[in-house]
Amino acid sequence: MGGHNPTEVQMSQLVLPCHSNQHGELSAGQLLKWIDTAACLSAERHAGCPCVTASMDDIYFEHTISVGQVVNIKAKVNRAFNSSMEVKLKPLIPQTEEEKIEHSIAAERRRMRLVHKDTLKDLLTRSTSNTEMETRDGSVVVPAEKTRVESVELVLPPHANHQGNTFGGQIMAWMENVATIAASRLCHAHPTLRAIEMFHFRGPSQVGDRLVLKAIVNNAFKNSMEVGVCTEAYDQEMSVSRRHINSAFMTFVVLDEEGQPRTLPMVVPQPGDGERRYREASARKKIRLDRKYVVSCKQTEVPLSVPWDQSNKVYLSYNNVSALKTLVAKANWVLAREKEKVQIYTLEEDKFLSFRIEMLVHISASQAFSLLSDLRRRHEWDSHYESAELVQQVDEDDAIYHVLSQTLSCENKPQDFVILASRRKPCSRGDPYVVAFRSVTLPTHPASTTYTRGETLCSGFCVWPESEEMSKVAYYNQATPGYLNYVTTNVVGLSSNFCATFEACEKFLLKNKDDLIARLQDL
């Protein structure tokens with residue numbers, strides 16, 4: 001145990017036969033117990049008091065672990081959030097570059113968890129209310145009710161912490177067990193767990209409680225199926241009154257001899273609640289694929305322009321802000337040029353060359369944030385911008401713009417961009433105001449022959465308050481590979497261009513801050 005971060009916990013476990021499934025591989029339930037134990041120990045190091053699991057993000061099981069292998073688990077606190085109903089937590093101060101990156105994007109992950117239900121509701125509202133059965137030639141049809149499983153577990157002292165609360169990992173292990181049985185009733189084979197949907201615990205359970213675990217296959221797609229699991233708790237005296245502990249959605253596949261997913265039977269839902277679960281499973285599958293596509297892969301693996309729609313808007317926003325915060329937190333920035341108030345830094349890594357231009361401006365951070373957030377005003381100080389049209393106001397913090405640029409492409413045509421702008425106010429003291437930009441694609445704004453469609457991978461502003469009336473304004477831009485040749489042959493001219501543009505930005509901020517104050521006072 002140990003490391004730079006005092007909350008870091010490292011656990012090594014030898015996989016024994018008692019930890020394995022029928023294939024001699026580490027069971028997902030056992031792995032979940034180990035992960036939960038390490039996470040709780042890390043949380044307790046920071047909080048200084050007993051902790052229980054409140055929620056978890058998606059977990060993907062992509063590799064198997066065999067008996068005899070050693071599993072190494074590392075857990076550490078990335079960020080501490082407070083709510084009025086819980087113990088007041090001290091803030092976490094990140095030390096290393098990795099910790100700073102994780103700390104900066106932890107708030108975005110939390111934001112994504114909080115709006116997950118709204119995303120699902122929105123997608124269901126936009127989809128048809130009819131339950132349309134998928135058709136597959138020659139496929140067996142199984143009523144969903146035939147996959148239903150119910151099990152009861154008694155919580156004993158080994159299943160709980162020293163406060164008597166059931167380990168979250170133990171509950172997840174029991175849930176995985178009943179879900180596996182439900183999945184096997186559909187396919188009559190040994191299913192393999194591939195993913196667990198993000199979920200949160202609604203309340204604790206204690207030693208002596210009986211946990212009722214219910215599982216059913218909600219929907220079966222061509223190569224995967226979703227199993228819904230519900231956990232309720234009651235004590236011996238209150239057997240009629242049950243408490244809903246949590247629900248989870250697990251995705252299973254059945255692998256053939258070559259390790260490839262088999263085609264699965266179709267599920268026929270029961271009318272009413274079964275049809276609701278059937279439709280929700282289809283919506284969750286789309287959300288899950290979007291989330292894994294946009295959020296889970298490395299930034300360099302995400303295409304520059306990802307199609308924007310209702311199901312992935314939260315995750316594109318997450319990717320947009322977290323990519324900029326990750327760039328901001330990186331070390332090894334090198335001062336390339338300093339001209340009066342403006343400093344230009346560069347960062348070279350792999351195929352990317354990133355720029356950071358910063359200066360102190362006599363304006364409050366909130367005012368600078370408000371003025372820089374609206375791309376429709378950028379042409380007032382940035383000569384590269386001709387105009388920016390607000391295409392869609394997604395919500396209070398996210399908007400999509402169609403930008404026309406005066407810069408000519410190699411085809412000797414002006415460029416245009418479709419840009420998602422995501423703005424965030426500080427979550428805690430020391431955090432900057434953030435305005436992040438990334439390219440997206442919209443069916444309403446396809447590429448045209450008049451313009452060359454440009455793309456931005458990661459760019460945006462961060463504004464740190466230095467005092468009530470002074471701010472550090474920094475602009476970041478991660479250049480794409482096609483931009484590198486231009487940069488390497490135009491470093492001096494590019495630096496001068498950056499300085500001139502940023503000086504114009506300062507004048508814009510100073511000129512408009514008083515008008516902004518007047519408008520706010522009128523409101």
# chains A, B, ... in the order shown; residues from 1 in each chain; ligands from 1

call {"tool": "residues_around", "arguments": {"residues": "Gln30 in chain A", "least_positions_apart": "3", "cutoff": "10 Å", "atoms": "only C-alpha atoms", "output": "PyMOL selection string"}}
result
chain A and resi 15+18-21+26-27+33-36+169-170+172-174+176

call {"tool": "select_by_dssp", "arguments": {"residues": "range 138-387 of chain A", "states": "strand (DSSP E)", "output": "MDAnalysis selection string"}}
result
chainID A and resid 141:143 149:154 192:196 199:200 210:220 225:234 243:253 266:268 306:307 334:339 342:349 352:361 385:387

call {"tool": "residues_around", "arguments": {"residues": "Ile171 in chain A", "least_positions_apart": "4", "cutoff": "10 Å", "atoms": "only C-alpha atoms", "output": "mmCIF file with N, CA and C atoms, in the first residue's frame"}}
result
data_model
loop_
_atom_site.group_PDB
_atom_site.id
_atom_site.type_symbol
_atom_site.label_atom_id
_atom_site.label_comp_id
_atom_site.auth_asym_id
_atom_site.auth_seq_id
_atom_site.Cartn_x
_atom_site.Cartn_y
_atom_site.Cartn_z
ATOM 1 N N GLY A 29 -18.336 -11.716 -9.960
ATOM 2 C CA GLY A 29 -18.790 -11.352 -8.625
ATOM 3 C C GLY A 29 -17.646 -11.217 -7.637
ATOM 4 N N LEU A 32 -15.731 -8.036 -8.344
ATOM 5 C CA LEU A 32 -16.466 -6.887 -7.840
ATOM 6 C C LEU A 32 -16.270 -6.717 -6.338
ATOM 7 N N LYS A 33 -16.230 -7.824 -5.598
ATOM 8 C CA LYS A 33 -16.002 -7.742 -4.150
ATOM 9 C C LYS A 33 -14.636 -7.158 -3.850
ATOM 10 N N GLU A 153 -30.871 -14.052 0.330
ATOM 11 C CA GLU A 153 -29.588 -14.194 1.013
ATOM 12 C C GLU A 153 -29.690 -13.580 2.404
ATOM 13 N N VAL A 155 -27.763 -11.798 5.373
ATOM 14 C CA VAL A 155 -26.527 -11.041 5.586
ATOM 15 C C VAL A 155 -25.914 -11.462 6.924
ATOM 16 N N HIS A 159 -20.171 -10.763 5.677
ATOM 17 C CA HIS A 159 -20.640 -10.013 4.510
ATOM 18 C C HIS A 159 -20.665 -8.505 4.756
ATOM 19 N N THR A 166 -23.717 -4.008 5.004
ATOM 20 C CA THR A 166 -23.333 -4.992 3.990
ATOM 21 C C THR A 166 -22.385 -4.366 2.969
ATOM 22 N N PHE A 167 -21.312 -5.081 2.647
ATOM 23 C CA PHE A 167 -20.398 -4.611 1.610
ATOM 24 C C PHE A 167 -21.145 -4.476 0.294
ATOM 25 N N MET A 175 -25.944 -10.225 -6.870
ATOM 26 C CA MET A 175 -26.733 -9.797 -8.023
ATOM 27 C C MET A 175 -26.205 -10.439 -9.313
ATOM 28 N N GLU A 176 -24.886 -10.495 -9.443
ATOM 29 C CA GLU A 176 -24.292 -11.119 -10.626
ATOM 30 C C GLU A 176 -24.655 -12.592 -10.698
ATOM 31 N N ASN A 177 -24.756 -13.237 -9.548
ATOM 32 C CA ASN A 177 -25.077 -14.668 -9.503
ATOM 33 C C ASN A 177 -26.499 -14.937 -10.024
ATOM 34 N N SER A 205 -27.990 -1.894 3.896
ATOM 35 C CA SER A 205 -28.569 -3.052 4.577
ATOM 36 C C SER A 205 -27.585 -3.502 5.637
ATOM 37 N N LEU A 211 -31.880 -10.328 2.073
ATOM 38 C CA LEU A 211 -31.887 -9.636 0.790
ATOM 39 C C LEU A 211 -32.590 -10.496 -0.244
ATOM 40 N N LEU A 213 -33.252 -11.018 -4.042
ATOM 41 C CA LEU A 213 -32.665 -10.641 -5.331
ATOM 42 C C LEU A 213 -33.517 -11.214 -6.459
ATOM 43 N N THR A 231 -32.734 -5.539 -5.971
ATOM 44 C CA THR A 231 -32.421 -6.032 -4.629
ATOM 45 C C THR A 231 -33.292 -5.314 -3.606
ATOM 46 N N ILE A 245 -33.041 -1.640 -2.207
ATOM 47 C CA ILE A 245 -31.630 -1.320 -2.011
ATOM 48 C C ILE A 245 -31.013 -0.769 -3.293
ATOM 49 N N ASN A 246 -31.158 -1.480 -4.379
ATOM 50 C CA ASN A 246 -30.678 -0.976 -5.670
ATOM 51 C C ASN A 246 -31.192 -1.846 -6.807
#

call {"tool": "closest_residue", "arguments": {"among": "A:Glu145, A:Asp209, A:Asp235, A:Asp395", "to": "Arg185 in chain A", "atoms": "only C-alpha atoms"}}
result
A:Glu145

call {"tool": "closest_residue", "arguments": {"among": "A:Val253, A:Val149, A:Val391, A:Cys230", "to": "Ala189 in chain A", "atoms": "only C-alpha atoms"}}
result
A:Val253

call {"tool": "residues_around", "arguments": {"residues": "Asp398 in chain A", "least_positions_apart": "5", "cutoff": "12 Å", "atoms": "only C-alpha atoms", "output": "list in words"}}
result
Lys313, Val314, Tyr315, Leu316, Ser317, Tyr318, Asn320, Val321, Ser373, Asp374, Leu375, Leu390, Val391, Gln392, Gln393, Ile419, Leu420, Ala421, Ser422, Arg423, Arg424, Val434, Val435, Ala436, Phe437 and Arg438 of chain A

call {"tool": "write_last_selection", "arguments": {"atoms": "C-alpha atoms", "output": "PDB file, in the first residue's frame"}}
result
ATOM      1  CA  LYS A 313     -25.245  14.480 -25.953  1.00  0.00           C
ATOM      2  CA  VAL A 314     -24.274  14.012 -22.299  1.00  0.00           C
ATOM      3  CA  TYR A 315     -21.264  11.883 -23.186  1.00  0.00           C
ATOM      4  CA  LEU A 316     -20.045  14.181 -25.964  1.00  0.00           C
ATOM      5  CA  SER A 317     -20.253  17.053 -23.494  1.00  0.00           C
ATOM      6  CA  TYR A 318     -18.309  14.962 -20.982  1.00  0.00           C
ATOM      7  CA  ASN A 320     -15.444  17.737 -24.646  1.00  0.00           C
ATOM      8  CA  VAL A 321     -14.802  19.124 -21.159  1.00  0.00           C
ATOM      9  CA  SER A 373     -18.716  31.472 -23.914  1.00  0.00           C
ATOM     10  CA  ASP A 374     -20.732  32.942 -26.768  1.00  0.00           C
ATOM     11  CA  LEU A 375     -19.117  32.048 -30.093  1.00  0.00           C
ATOM     12  CA  LEU A 390     -26.280  29.266 -32.911  1.00  0.00           C
ATOM     13  CA  VAL A 391     -27.731  26.058 -34.349  1.00  0.00           C
ATOM     14  CA  GLN A 392     -29.031  24.498 -31.143  1.00  0.00           C
ATOM     15  CA  GLN A 393     -29.073  25.496 -27.479  1.00  0.00           C
ATOM     16  CA  ILE A 419     -18.719  23.022 -32.979  1.00  0.00           C
ATOM     17  CA  LEU A 420     -20.096  21.866 -29.642  1.00  0.00           C
ATOM     18  CA  ALA A 421     -19.338  24.482 -26.973  1.00  0.00           C
ATOM     19  CA  SER A 422     -19.536  23.198 -23.388  1.00  0.00           C
ATOM     20  CA  ARG A 423     -19.196  25.622 -20.483  1.00  0.00           C
ATOM     21  CA  ARG A 424     -18.635  24.809 -16.835  1.00  0.00           C
ATOM     22  CA  VAL A 434     -14.090  26.283 -18.544  1.00  0.00           C
ATOM     23  CA  VAL A 435     -15.329  26.764 -22.112  1.00  0.00           C
ATOM     24  CA  ALA A 436     -14.498  23.700 -24.247  1.00  0.00           C
ATOM     25  CA  PHE A 437     -14.877  23.266 -28.013  1.00  0.00           C
ATOM     26  CA  ARG A 438     -14.938  20.145 -30.184  1.00  0.00           C
TER      27      ARG A 438
END

call {"tool": "closest_residue", "arguments": {"among": "A:Val254, A:Ile196, A:Val142, A:Ala500", "to": "Asn223 in chain A", "atoms": "only C-alpha atoms"}}
result
A:Val254

call {"tool": "atom_distance", "arguments": {"atom1": "CA of Ile400 in chain A", "atom2": "CA of Lys285 in chain A"}}
result
25.3 Å

call {"tool": "residues_around", "arguments": {"residues": "range 334-346 of chain A", "least_positions_apart": "6", "cutoff": "10 Å", "atoms": "only C-alpha atoms", "output": "count of residues only"}}
result
23

call {"tool": "atom_distance", "arguments": {"atom1": "CA of Ile216 in chain A", "atom2": "CA of Gly274 in chain A"}}
result
9.7 Å

call {"tool": "atom_distance", "arguments": {"atom1": "CA of Pro6 in chain A", "atom2": "CA of Val70 in chain A"}}
result
24.1 Å

call {"tool": "residues_around", "arguments": {"residues": "Leu193 in chain A", "least_positions_apart": "3", "cutoff": "8 Å", "atoms": "only C-alpha atoms", "output": "list in words"}}
result
Ala28, Phe61, Thr180, Met250, Thr251, Phe252 and Val253 of chain A

call {"tool": "closest_residue", "arguments": {"among": "A:Ala368, A:Cys427, A:His384, A:Trp308", "to": "Pro443 in chain A", "atoms": "only C-alpha atoms"}}
result
A:Trp308

call {"tool": "closest_residue", "arguments": {"among": "A:Gly259, A:Gly164, A:Gly228, A:Gly48", "to": "Lys90 in chain A", "atoms": "only C-alpha atoms"}}
result
A:Gly48

call {"tool": "residues_around", "arguments": {"residues": "range 512-516 of chain A", "least_positions_apart": "4", "cutoff": "12 Å", "atoms": "only C-alpha atoms", "output": "VMD selection string"}}
result
chain A and resid 361 to 372 377 380 to 381 469 505 to 508 520 to 523

call {"tool": "closest_residue", "arguments": {"among": "A:Asn319, A:Ser55, A:Asp431, A:Lys425", "to": "Glu396 in chain A", "atoms": "only C-alpha atoms"}}
result
A:Lys425

call {"tool": "select_by_dssp", "arguments": {"residues": "range 143-231 of chain A", "states": "alpha helix (DSSP H)", "output": "mmCIF file with N, CA, C and O atoms, in the first residue's frame"}}
result
data_model
loop_
_atom_site.group_PDB
_atom_site.id
_atom_site.type_symbol
_atom_site.label_atom_id
_atom_site.label_comp_id
_atom_site.auth_asym_id
_atom_site.auth_seq_id
_atom_site.Cartn_x
_atom_site.Cartn_y
_atom_site.Cartn_z
ATOM 1 N N GLY A 168 -20.942 -3.337 -0.384
ATOM 2 C CA GLY A 168 -21.558 -3.152 -1.694
ATOM 3 C C GLY A 168 -21.102 -4.210 -2.677
ATOM 4 O O GLY A 168 -21.878 -4.693 -3.502
ATOM 5 N N GLY A 169 -19.821 -4.603 -2.580
ATOM 6 C CA GLY A 169 -19.291 -5.621 -3.477
ATOM 7 C C GLY A 169 -19.953 -6.970 -3.276
ATOM 8 O O GLY A 169 -20.147 -7.732 -4.237
ATOM 9 N N GLN A 170 -20.320 -7.283 -2.023
ATOM 10 C CA GLN A 170 -21.003 -8.542 -1.751
ATOM 11 C C GLN A 170 -22.389 -8.553 -2.382
ATOM 12 O O GLN A 170 -22.816 -9.552 -2.971
ATOM 13 N N ILE A 171 -23.090 -7.415 -2.270
ATOM 14 C CA ILE A 171 -24.415 -7.319 -2.893
ATOM 15 C C ILE A 171 -24.296 -7.456 -4.400
ATOM 16 O O ILE A 171 -25.083 -8.162 -5.053
ATOM 17 N N MET A 172 -23.284 -6.798 -4.981
ATOM 18 C CA MET A 172 -23.086 -6.891 -6.433
ATOM 19 C C MET A 172 -22.771 -8.325 -6.853
ATOM 20 O O MET A 172 -23.202 -8.785 -7.908
ATOM 21 N N ALA A 173 -22.007 -9.041 -6.017
ATOM 22 C CA ALA A 173 -21.674 -10.435 -6.331
ATOM 23 C C ALA A 173 -22.926 -11.301 -6.327
ATOM 24 O O ALA A 173 -23.110 -12.165 -7.202
ATOM 25 N N TRP A 174 -23.796 -11.103 -5.334
ATOM 26 C CA TRP A 174 -25.046 -11.854 -5.298
ATOM 27 C C TRP A 174 -25.925 -11.499 -6.506
ATOM 28 O O TRP A 174 -26.588 -12.365 -7.098
ATOM 29 N N MET A 175 -25.944 -10.225 -6.870
ATOM 30 C CA MET A 175 -26.733 -9.797 -8.023
ATOM 31 C C MET A 175 -26.205 -10.439 -9.313
ATOM 32 O O MET A 175 -26.983 -10.864 -10.175
ATOM 33 N N GLU A 176 -24.886 -10.495 -9.443
ATOM 34 C CA GLU A 176 -24.292 -11.119 -10.626
ATOM 35 C C GLU A 176 -24.655 -12.592 -10.698
ATOM 36 O O GLU A 176 -24.884 -13.148 -11.780
ATOM 37 N N ASN A 177 -24.756 -13.237 -9.548
ATOM 38 C CA ASN A 177 -25.077 -14.668 -9.503
ATOM 39 C C ASN A 177 -26.499 -14.937 -10.024
ATOM 40 O O ASN A 177 -26.706 -15.803 -10.888
ATOM 41 N N VAL A 178 -27.484 -14.173 -9.530
ATOM 42 C CA VAL A 178 -28.865 -14.405 -9.970
ATOM 43 C C VAL A 178 -29.046 -13.962 -11.426
ATOM 44 O O VAL A 178 -29.827 -14.567 -12.173
ATOM 45 N N ALA A 179 -28.337 -12.930 -11.830
ATOM 46 C CA ALA A 179 -28.421 -12.478 -13.220
ATOM 47 C C ALA A 179 -27.879 -13.540 -14.170
ATOM 48 O O ALA A 179 -28.427 -13.764 -15.257
ATOM 49 N N THR A 180 -26.798 -14.198 -13.770
ATOM 50 C CA THR A 180 -26.226 -15.269 -14.586
ATOM 51 C C THR A 180 -27.219 -16.420 -14.754
ATOM 52 O O THR A 180 -27.355 -16.991 -15.850
ATOM 53 N N ILE A 181 -27.928 -16.762 -13.669
ATOM 54 C CA ILE A 181 -28.920 -17.837 -13.742
ATOM 55 C C ILE A 181 -30.056 -17.453 -14.694
ATOM 56 O O ILE A 181 -30.500 -18.255 -15.524
ATOM 57 N N ALA A 182 -30.522 -16.195 -14.587
ATOM 58 C CA ALA A 182 -31.592 -15.732 -15.482
ATOM 59 C C ALA A 182 -31.143 -15.787 -16.936
ATOM 60 O O ALA A 182 -31.884 -16.240 -17.815
ATOM 61 N N ALA A 183 -29.902 -15.345 -17.197
ATOM 62 C CA ALA A 183 -29.381 -15.364 -18.564
ATOM 63 C C ALA A 183 -29.267 -16.794 -19.096
ATOM 64 O O ALA A 183 -29.563 -17.067 -20.262
ATOM 65 N N SER A 184 -28.853 -17.717 -18.225
ATOM 66 C CA SER A 184 -28.699 -19.116 -18.660
ATOM 67 C C SER A 184 -30.048 -19.752 -18.988
ATOM 68 O O SER A 184 -30.125 -20.682 -19.795
ATOM 69 N N ARG A 185 -31.106 -19.275 -18.371
ATOM 70 C CA ARG A 185 -32.435 -19.812 -18.667
ATOM 71 C C ARG A 185 -32.898 -19.415 -20.071
ATOM 72 O O ARG A 185 -33.762 -20.077 -20.650
ATOM 73 N N LEU A 186 -32.363 -18.344 -20.588
ATOM 74 C CA LEU A 186 -32.697 -17.952 -21.961
ATOM 75 C C LEU A 186 -31.896 -18.758 -22.971
ATOM 76 O O LEU A 186 -32.442 -19.267 -23.951
ATOM 77 N N CYS A 187 -30.593 -18.891 -22.720
ATOM 78 C CA CYS A 187 -29.714 -19.458 -23.747
ATOM 79 C C CYS A 187 -29.372 -20.930 -23.517
ATOM 80 O O CYS A 187 -28.788 -21.576 -24.387
#
